[in-house]
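Trainee: Input structure: query-v7.cif, which contains mmCIF, C-alpha atoms and all ligand atoms.
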data_entry
#
loop_
_atom_site.label_atom_id
_atom_site.label_comp_id
_atom_site.auth_asym_id
_atom_site.auth_seq_id
_atom_site.Cartn_x
_atom_site.Cartn_y
_atom_site.Cartn_z
CA MET A 24 5.66 4.21 -7.12
CA ILE A 25 6.72 1.30 -9.28
CA LEU A 26 3.96 -0.87 -10.71
CA ALA A 27 5.21 -4.46 -11.06
CA GLU A 28 2.99 -6.84 -12.99
CA THR A 29 5.45 -9.72 -13.23
CA ILE A 30 7.73 -11.43 -10.74
CA GLU A 31 10.71 -10.26 -12.79
CA GLU A 32 9.56 -6.63 -12.52
CA LEU A 33 9.03 -7.05 -8.79
CA GLN A 34 12.52 -8.47 -8.26
CA LYS A 35 14.06 -5.68 -10.36
CA ALA A 36 12.20 -2.99 -8.43
CA LYS A 37 13.24 -4.53 -5.08
CA HIS A 38 16.85 -4.80 -6.19
CA ASN A 39 17.13 -1.03 -6.50
CA LEU A 40 15.74 -0.29 -3.02
CA LYS A 41 17.58 -0.86 0.25
CA GLY A 42 16.34 -1.33 3.81
CA THR A 43 13.56 -3.04 5.74
CA ILE A 44 10.49 -4.07 3.78
CA GLY A 45 6.92 -3.70 5.05
CA PHE A 46 4.44 -5.77 3.05
CA ILE A 47 0.63 -5.62 2.81
CA PRO A 48 -1.00 -8.40 0.75
CA THR A 49 -4.51 -7.51 -0.43
CA MET A 50 -7.17 -8.55 -2.90
CA GLY A 51 -7.78 -4.93 -3.91
CA ALA A 52 -10.90 -2.77 -3.56
CA LEU A 53 -8.80 -0.92 -1.02
CA HIS A 54 -10.55 0.87 1.85
CA LYS A 55 -9.51 2.72 5.00
CA GLY A 56 -8.71 -0.57 6.72
CA HIS A 57 -6.05 -1.33 4.09
CA LEU A 58 -4.88 2.26 4.24
CA SER A 59 -4.23 2.02 7.96
CA LEU A 60 -2.10 -1.13 7.35
CA ILE A 61 -0.17 0.74 4.64
CA GLN A 62 0.35 3.76 6.91
CA GLN A 63 1.62 1.58 9.75
CA ALA A 64 3.99 -0.18 7.34
CA ARG A 65 5.12 3.22 6.00
CA ASN A 66 5.94 4.37 9.56
CA GLU A 67 7.83 1.22 10.49
CA ASN A 68 9.84 0.33 7.35
CA ASP A 69 12.15 1.82 4.72
CA ILE A 70 10.27 0.24 1.81
CA VAL A 71 6.56 -0.51 1.46
CA ILE A 72 5.23 -3.15 -0.94
CA VAL A 73 1.51 -3.74 -1.52
CA SER A 74 0.17 -6.65 -3.56
CA ILE A 75 -3.23 -6.81 -5.21
CA PHE A 76 -4.22 -10.30 -6.32
CA VAL A 77 -7.66 -11.87 -6.15
CA ASN A 78 -6.49 -15.35 -5.30
CA PRO A 79 -8.73 -18.00 -6.92
CA THR A 80 -7.56 -20.89 -4.72
CA GLN A 81 -9.09 -19.41 -1.57
CA PHE A 82 -12.60 -19.06 -3.05
CA LEU A 83 -14.97 -22.02 -2.92
CA GLU A 84 -17.26 -22.95 -5.75
CA GLY A 85 -20.30 -20.68 -5.69
CA GLU A 86 -18.47 -17.92 -3.81
CA ASP A 87 -17.94 -14.42 -5.18
CA LEU A 88 -14.65 -14.89 -7.12
CA ASP A 89 -16.06 -13.55 -10.38
CA SER A 90 -17.97 -10.68 -8.84
CA TYR A 91 -15.31 -9.74 -6.23
CA PRO A 92 -15.13 -5.91 -6.30
CA LYS A 93 -12.41 -4.63 -8.64
CA ARG A 94 -11.26 -1.00 -8.58
CA GLU A 95 -7.79 -1.15 -10.12
CA GLU A 96 -7.39 2.50 -11.07
CA ALA A 97 -8.66 3.80 -7.72
CA ASP A 98 -6.43 1.27 -5.92
CA LYS A 99 -3.35 2.46 -7.81
CA LYS A 100 -4.12 6.08 -6.85
CA ILE A 101 -4.62 5.16 -3.18
CA CYS A 102 -1.26 3.37 -3.14
CA GLU A 103 0.47 6.32 -4.80
CA ILE A 104 -0.99 8.82 -2.33
CA ALA A 105 -0.03 6.52 0.57
CA LYS A 106 3.56 6.55 -0.70
CA VAL A 107 3.78 2.84 -1.49
CA ASP A 108 7.13 2.08 -3.16
CA ILE A 109 6.09 -1.00 -5.15
CA LEU A 110 2.61 -2.14 -6.13
CA PHE A 111 2.67 -5.77 -7.24
CA MET A 112 -0.33 -6.74 -9.40
CA PRO A 113 0.37 -10.12 -10.99
CA ASN A 114 -2.02 -12.15 -13.12
CA ILE A 115 -2.95 -15.75 -12.31
CA GLY A 116 -0.42 -17.28 -14.74
CA GLU A 117 2.35 -15.41 -12.96
CA MET A 118 1.46 -16.91 -9.57
CA TYR A 119 0.43 -20.51 -10.38
CA GLU A 120 1.45 -23.38 -12.60
CA ASP A 121 -0.18 -26.77 -13.16
CA ASP A 122 -0.07 -29.50 -10.55
CA GLU A 123 1.43 -27.49 -7.72
CA LEU A 124 2.24 -28.87 -4.31
CA ASN A 125 -0.28 -27.77 -1.73
CA ILE A 126 -0.22 -26.36 1.76
CA SER A 127 -2.81 -27.64 4.21
CA ALA A 128 -4.16 -25.62 7.10
CA PRO A 129 -3.60 -27.29 10.48
CA ALA A 130 -6.07 -30.10 11.18
CA ILE A 131 -7.90 -28.48 14.11
CA ARG A 132 -7.48 -24.71 13.96
CA GLY A 133 -7.77 -24.67 10.17
CA TYR A 134 -11.02 -26.64 10.04
CA ILE A 135 -13.22 -24.99 12.66
CA LEU A 136 -15.34 -21.82 12.29
CA GLU A 137 -14.33 -20.23 8.95
CA GLY A 138 -12.48 -23.42 8.00
CA GLU A 139 -15.58 -25.54 8.64
CA ARG A 140 -17.89 -23.24 6.63
CA ARG A 141 -15.36 -22.66 3.87
CA PRO A 142 -13.39 -25.94 3.55
CA LYS A 143 -10.07 -25.50 1.70
CA HIS A 144 -10.34 -21.70 1.95
CA PHE A 145 -7.43 -21.54 4.38
CA ASP A 146 -5.32 -23.98 2.32
CA GLY A 147 -5.58 -21.62 -0.65
CA MET A 148 -5.06 -18.53 1.49
CA LEU A 149 -1.92 -19.97 3.13
CA GLN A 150 -0.58 -21.08 -0.25
CA ILE A 151 -0.77 -17.57 -1.73
CA VAL A 152 0.48 -15.84 1.42
CA MET A 153 3.51 -18.17 1.47
CA LYS A 154 4.24 -17.28 -2.17
CA LEU A 155 3.79 -13.55 -1.55
CA LEU A 156 5.91 -13.51 1.62
CA ASN A 157 8.70 -15.27 -0.27
CA LEU A 158 8.44 -12.96 -3.28
CA SER A 159 8.30 -9.76 -1.25
CA SER A 160 11.19 -10.77 1.08
CA SER A 161 9.34 -8.75 3.68
CA THR A 162 10.80 -7.92 7.07
CA ASN A 163 7.30 -7.20 8.41
CA ALA A 164 3.94 -8.22 6.94
CA TYR A 165 0.73 -6.52 8.08
CA PHE A 166 -2.63 -8.25 8.56
CA GLY A 167 -5.89 -7.01 10.09
CA LYS A 168 -7.39 -8.63 13.19
CA LYS A 169 -10.75 -8.69 11.43
CA ASP A 170 -9.71 -11.93 9.69
CA ALA A 171 -8.65 -13.29 13.06
CA GLN A 172 -8.40 -16.96 12.11
CA GLN A 173 -6.45 -16.08 8.96
CA LEU A 174 -4.05 -14.01 11.05
CA VAL A 175 -3.52 -16.78 13.60
CA LEU A 176 -2.94 -19.40 10.86
CA ILE A 177 -0.47 -17.19 8.97
CA THR A 178 1.44 -16.57 12.21
CA ARG A 179 1.58 -20.33 12.73
CA MET A 180 2.69 -21.01 9.13
CA VAL A 181 5.52 -18.49 9.42
CA LYS A 182 6.60 -20.17 12.66
CA ASN A 183 6.24 -23.76 11.36
CA TYR A 184 8.07 -23.07 8.08
CA PHE A 185 10.71 -20.77 9.63
CA ILE A 186 9.83 -17.92 7.25
CA PRO A 187 11.99 -14.95 8.27
CA CYS A 188 9.19 -12.37 8.52
CA ASN A 189 7.40 -10.72 11.44
CA ILE A 190 3.62 -10.93 11.23
CA ILE A 191 2.13 -7.72 12.56
CA ALA A 192 -1.46 -7.88 13.85
CA CYS A 193 -3.32 -4.62 13.24
CA ASP A 194 -6.52 -3.38 14.89
CA ILE A 195 -9.86 -3.58 13.11
CA VAL A 196 -10.84 -0.31 11.41
CA ARG A 197 -14.54 0.62 11.71
CA ASP A 198 -16.70 3.31 10.14
CA ASP A 199 -18.17 6.06 12.34
CA LEU A 200 -21.14 3.85 13.24
CA GLY A 201 -19.04 0.82 14.16
CA LEU A 202 -19.28 -1.32 11.01
CA ALA A 203 -15.96 -3.15 10.47
CA LEU A 204 -14.56 -2.11 7.08
CA SER A 205 -14.51 -4.82 4.43
CA SER A 206 -14.39 -4.86 0.64
CA ARG A 207 -17.57 -6.97 0.77
CA ASN A 208 -19.48 -4.11 2.46
CA ALA A 209 -19.86 -2.84 -1.13
CA TYR A 210 -22.56 -5.53 -1.55
CA LEU A 211 -24.75 -4.16 1.30
CA SER A 212 -27.89 -2.11 0.65
CA GLU A 213 -28.68 0.82 3.00
CA ASP A 214 -31.07 -1.41 4.96
CA ASP A 215 -28.48 -4.21 5.14
CA LYS A 216 -25.96 -1.72 6.52
CA LYS A 217 -28.31 -0.80 9.36
CA GLU A 218 -28.71 -4.48 10.24
CA ALA A 219 -24.94 -4.99 9.94
CA LEU A 220 -24.38 -2.51 12.78
CA LYS A 221 -25.84 -5.12 15.11
CA LEU A 222 -22.60 -7.09 14.78
CA SER A 223 -20.41 -4.47 16.43
CA SER A 224 -23.09 -3.42 18.92
CA SER A 225 -23.47 -7.03 20.08
CA LEU A 226 -19.69 -7.33 20.49
CA TYR A 227 -19.59 -4.07 22.48
CA TYR A 228 -22.44 -5.35 24.66
CA ALA A 229 -20.53 -8.59 25.24
CA THR A 230 -17.49 -6.55 26.30
CA LYS A 231 -19.62 -4.63 28.80
CA MET A 232 -20.91 -7.92 30.23
CA ILE A 233 -17.35 -9.15 30.66
CA ILE A 234 -16.26 -5.90 32.33
CA SER A 235 -19.17 -6.24 34.75
CA GLY A 236 -17.96 -9.76 35.66
CA LYS A 237 -20.21 -12.00 33.48
CA LYS A 238 -17.68 -14.22 31.79
CA GLU A 239 -19.49 -17.50 30.97
CA SER A 240 -19.29 -18.03 27.22
CA ASN A 241 -22.73 -19.63 26.82
CA ILE A 242 -24.47 -16.68 28.52
CA ILE A 243 -22.54 -14.13 26.43
CA ILE A 244 -23.28 -16.04 23.22
CA GLN A 245 -27.02 -16.10 24.07
CA GLU A 246 -27.02 -12.30 24.59
CA ILE A 247 -25.26 -11.78 21.24
CA LYS A 248 -27.87 -14.03 19.58
CA ASN A 249 -30.65 -11.92 21.11
CA ILE A 250 -29.15 -8.71 19.75
CA LEU A 251 -28.61 -10.16 16.26
CA LYS A 252 -32.10 -11.64 16.06
CA CYS A 253 -33.99 -10.32 13.01
CA ASP A 254 -35.41 -11.68 9.76
CA ASN A 255 -32.60 -10.45 7.55
CA ILE A 256 -29.70 -11.88 9.62
CA LYS A 257 -28.80 -15.57 9.41
CA ILE A 258 -26.22 -16.48 12.05
CA GLU A 259 -23.49 -18.88 10.88
CA TYR A 260 -21.60 -18.95 14.16
CA ILE A 261 -20.91 -17.06 17.35
CA SER A 262 -17.87 -18.40 19.10
CA ILE A 263 -15.62 -17.55 22.03
CA VAL A 264 -12.09 -18.89 21.67
CA SER A 265 -8.60 -18.31 23.01
CA ARG A 266 -6.11 -16.32 20.93
CA ASP A 267 -4.89 -19.73 19.78
CA PHE A 268 -8.42 -20.71 18.69
CA LYS A 269 -9.26 -23.18 21.46
CA PRO A 270 -12.90 -22.96 22.60
CA LEU A 271 -13.28 -21.23 25.99
CA GLU A 272 -16.09 -21.94 28.47
CA VAL A 273 -15.13 -18.84 30.43
CA VAL A 274 -13.63 -15.66 28.99
CA GLU A 275 -9.96 -15.15 29.88
CA ILE A 276 -9.13 -11.46 29.81
CA GLY A 277 -6.11 -10.90 27.54
CA ASN A 278 -6.54 -14.28 25.81
CA THR A 279 -9.99 -14.25 24.20
CA ILE A 280 -11.53 -13.51 20.81
CA ILE A 281 -15.30 -13.36 20.35
CA LEU A 282 -16.17 -14.10 16.73
CA ILE A 283 -19.34 -13.71 14.70
CA ALA A 284 -20.17 -14.79 11.14
CA VAL A 285 -23.55 -14.01 9.60
CA PHE A 286 -25.33 -13.66 6.31
CA ILE A 287 -27.17 -10.39 5.79
CA GLY A 288 -29.25 -11.11 2.74
CA ASN A 289 -26.71 -12.72 0.40
CA THR A 290 -23.67 -11.03 1.91
CA ARG A 291 -21.50 -12.91 4.35
CA LEU A 292 -19.96 -10.74 7.06
CA ILE A 293 -17.55 -11.54 9.87
CA ASP A 294 -16.58 -9.46 12.86
CA ASN A 295 -14.80 -10.02 16.16
CA ILE A 296 -13.42 -8.40 19.24
CA TRP A 297 -10.19 -9.23 21.07
CA ILE A 298 -10.68 -9.22 24.84
O1 LIG A 301 -7.18 -11.02 3.55
C1 LIG A 301 -7.04 -11.03 2.31
O2 LIG A 301 -7.34 -10.05 1.63
C2 LIG A 301 -6.52 -12.27 1.63
O3 LIG A 301 -6.91 -13.42 2.28
C3 LIG A 301 -4.97 -12.26 1.44
C4 LIG A 301 -4.26 -12.27 2.78
C5 LIG A 301 -4.57 -11.05 0.63
C6 LIG A 301 -4.53 -13.52 0.67
O4 LIG A 301 -5.13 -13.60 -0.58
#
Give the structure from the file, written as structure tokens.
Ligand code: PAF
Mentor:
Amino acid sequence: MILAETIEELQKAKHNLKGTIGFIPTMGALHKGHLSLIQQARNENDIVIVSIFVNPTQFLEGEDLDSYPKREEADKKICEIAKVDILFMPNIGEMYEDDELNISAPAIRGYILEGERRPKHFDGMLQIVMKLLNLSSSTNAYFGKKDAQQLVLITRMVKNYFIPCNIIACDIVRDDLGLALSSRNAYLSEDDKKEALKLSSSLYYATKMIISGKKESNIIIQEIKNILKCDNIKIEYISIVSRDFKPLEVVEIGNTIILIAVFIGNTRLIDNIWI
């Protein structure tokens, strides 16, 4: 594996390798969810590039930029074992200069749900993903469905800006008890983790309701609220939208995402299920 810390090193490393490129952008603290993206990329491409960059422009003031989990040495080992060809780990100066032009998330889909709670988060996220897609020259780029709105917006950006890269949507990876894997799970205490399981169980319950024919969004949302109800969980939103992020009054099988965002103690968690 080649470790590239500058753009020049990345370009040099790429120059010597030939074939299709599978790319996985990450912010590090790699877990099994990232690993499954890397393995899929490994199976589907000649070359695999992973980036690790905690992107400051997608964090809002007061969010966890400074305390975001960092495990550089472990991450390098994971990438080596997973047979990554190039690990790109730039510093901030490498990726940004002063007074840059900005990318704005689309006015509606970028400013609801996550975009409403975290204004400008998607602008910063799209900006860095655009840079990384260009730098990696990837044929295929892999993103988890857990960050559903991020995935939909990146797909739209690639389409709107004619970026020659396929965006591959990958299934959510969960632990044995159903908790969706996330680097931020590192913040959860044992008690928090037990409460966090209510997210996936409420989504599974919602799926059962839909299978049994109950498809009205407001009724499903109320049931999810009932399951999540406890002192330690503060609900930010529960929403039922189309795969293009338009609110749905009635679930459409094959075109629906049910999304949840909560705080458990001080930790913000999101989860969703694609119906
Ligand atoms: O999902 C993430 O980890 C980040 O938003 C990404 C896509 C690496 C951009 O910083």
Trainee: Leaving out Lys248 of chain A and any residue of its chain fewer than 4 positions from it, which residues lie within 8 Å of it when counting all atoms listed in the file, given as a list in words?
Mentor: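 The contact residues come out as Ile244, Lys252 and Ile261 of chain A.
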Trainee: If you take every atom of segment 215-222 of chain A that the file lists and fit an axis-aligned box around them with 3 Å extra on each side, what centre and edge lengths come out in Å to one decimal, as lines of an AutoDock Vina configuration file?
Mentor:
center_x = -25.7
center_y = -3.9
center_z = 10.1
size_x = 12.1
size_y = 12.3
size_z = 16.0
Trainee: Against ligand LIG 301 (chain A), which residues of chain A fall within 8 Å? For each one I want the closest pair of atoms and the distance in Å (one decimal), counting only C-alpha atoms and all ligand atoms, rows by chain and increasing residue number, as a tab-separated table.
Mentor:
residue	atom	partner	partner_atom	distance
A:Ile47	CA	A:LIG301	C5	7.8
A:Pro48	CA	A:LIG301	C5	4.4
A:Thr49	CA	A:LIG301	C5	3.7
A:Met50	CA	A:LIG301	O2	4.8
A:Gly51	CA	A:LIG301	O2	7.6
A:Ser74	CA	A:LIG301	C5	7.7
A:Ile75	CA	A:LIG301	C5	7.3
A:Phe76	CA	A:LIG301	O4	6.7
A:Val77	CA	A:LIG301	O4	6.4
A:Asn78	CA	A:LIG301	O4	5.2
A:Gln81	CA	A:LIG301	O4	7.1
A:Met148	CA	A:LIG301	C6	5.1
A:Leu149	CA	A:LIG301	C6	7.4
A:Ile151	CA	A:LIG301	O4	6.0
A:Val152	CA	A:LIG301	C6	5.6
A:Phe166	CA	A:LIG301	C4	7.2
A:Gly167	CA	A:LIG301	O1	7.8
A:Asp170	CA	A:LIG301	O1	6.7
A:Gln173	CA	A:LIG301	O3	7.2
Trainee: Hey, which of A:Cys193, A:Ile44, A:Leu200, A:Leu156 ends up closest to Val181 of chain A? Count all atoms listed in the file.
Mentor: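 Closest to Val181 of chain A, using all atoms listed in the file: A:Leu156.
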Trainee: Using only C-alpha atoms, what table do you get, as a tab-separated table, when you list each residue of segment 172-246 of chain A with an atom no more than 12 Å from segment 62-73 of chain A, its nearest pair of atoms, and their distance in Å rounded to one decimal, rows by chain then rising number?
Mentor:
residue	atom	partner	partner_atom	distance
A:Asn189	CA	A:Ala64	CA	11.8
A:Ile190	CA	A:Ala64	CA	11.4
A:Ile191	CA	A:Ala64	CA	9.4
A:Ala192	CA	A:Gln63	CA	10.8
A:Cys193	CA	A:Gln63	CA	8.7
A:Asp194	CA	A:Gln63	CA	10.8
Trainee: Which residues, written as a list in words, have at least one atom at most 9 Å from His144 of chain A, with only C-alpha atoms counted and residues fewer than 6 positions away on the same chain left out?
Mentor: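 In the requested form, the answer reads Thr80, Gln81, Phe82, Leu83, Ala128, Glu137 and Gly138 of chain A.
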Trainee: Write out as JSON, numbers by chain the residues lying within 8 Å of segment 209-225 of chain A, counting all atoms listed in the file and excluding same-chain residues fewer than 6 positions away.
Mentor: {"A": [92, 200, 201, 202, 203, 246, 247, 250, 251, 255, 256, 283, 287, 288, 290, 294, 295]}
Trainee: Would you save the residues of that selection, restricted to C-alpha atoms, as a compact mmCIF listing (two decimals), in the coordinates of the input?
Mentor:
# COMPACT_ATOMS: atom_id res chain seq x y z
CA PRO A 92 -15.13 -5.91 -6.30
CA LEU A 200 -21.14 3.85 13.24
CA GLY A 201 -19.04 0.82 14.16
CA LEU A 202 -19.28 -1.32 11.01
CA ALA A 203 -15.96 -3.15 10.47
CA GLU A 246 -27.02 -12.30 24.59
CA ILE A 247 -25.26 -11.78 21.24
CA ILE A 250 -29.15 -8.71 19.75
CA LEU A 251 -28.61 -10.16 16.26
CA ASN A 255 -32.60 -10.45 7.55
CA ILE A 256 -29.70 -11.88 9.62
CA ILE A 283 -19.34 -13.71 14.70
CA ILE A 287 -27.17 -10.39 5.79
CA GLY A 288 -29.25 -11.11 2.74
CA THR A 290 -23.67 -11.03 1.91
CA ASP A 294 -16.58 -9.46 12.86
CA ASN A 295 -14.80 -10.02 16.16
Trainee: Compare A:Tyr228, A:Arg132, A:Leu155, A:Phe145 by their minimum atom-to-atom distance to Ser265 of chain A, counting all atoms listed in the file, and give me the closest one.
Mentor: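 Going through A:Tyr228, A:Arg132, A:Leu155, A:Phe145 one by one, the smallest distance to Ser265 of chain A is for A:Arg132.
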Trainee: List as number ranges by chain the protein and nucleic acid residues near Met118 of chain A, meaning an atom at most 8 Å away when all atoms listed in the file are counted, but skip any in the same chain fewer than 4 places from it.
Mentor: A: 113-114, 154
Trainee: Have a look at atom CA of Ile126 of chain A and atom CA of Met153 of chain A and let me know their distance in Å, one decimal.
Mentor: 9.0 Å
Trainee: Please, what distance in Å, to one decimal, runs between atom CA of Gln172 of chain A and atom CA of Ala97 of chain A?
Mentor: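 Calculated distance between atom CA of Gln172 of chain A and atom CA of Ala97 of chain A is 28.7 Å.
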Trainee: Here is a test: counting only C-alpha atoms, which residue of A:Ile298, A:Ile25, A:Ile101, A:Cys188 is nearest to Met232 of chain A?
Mentor: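 Ranked by minimum distance to Met232 of chain A, first place goes to A:Ile298.
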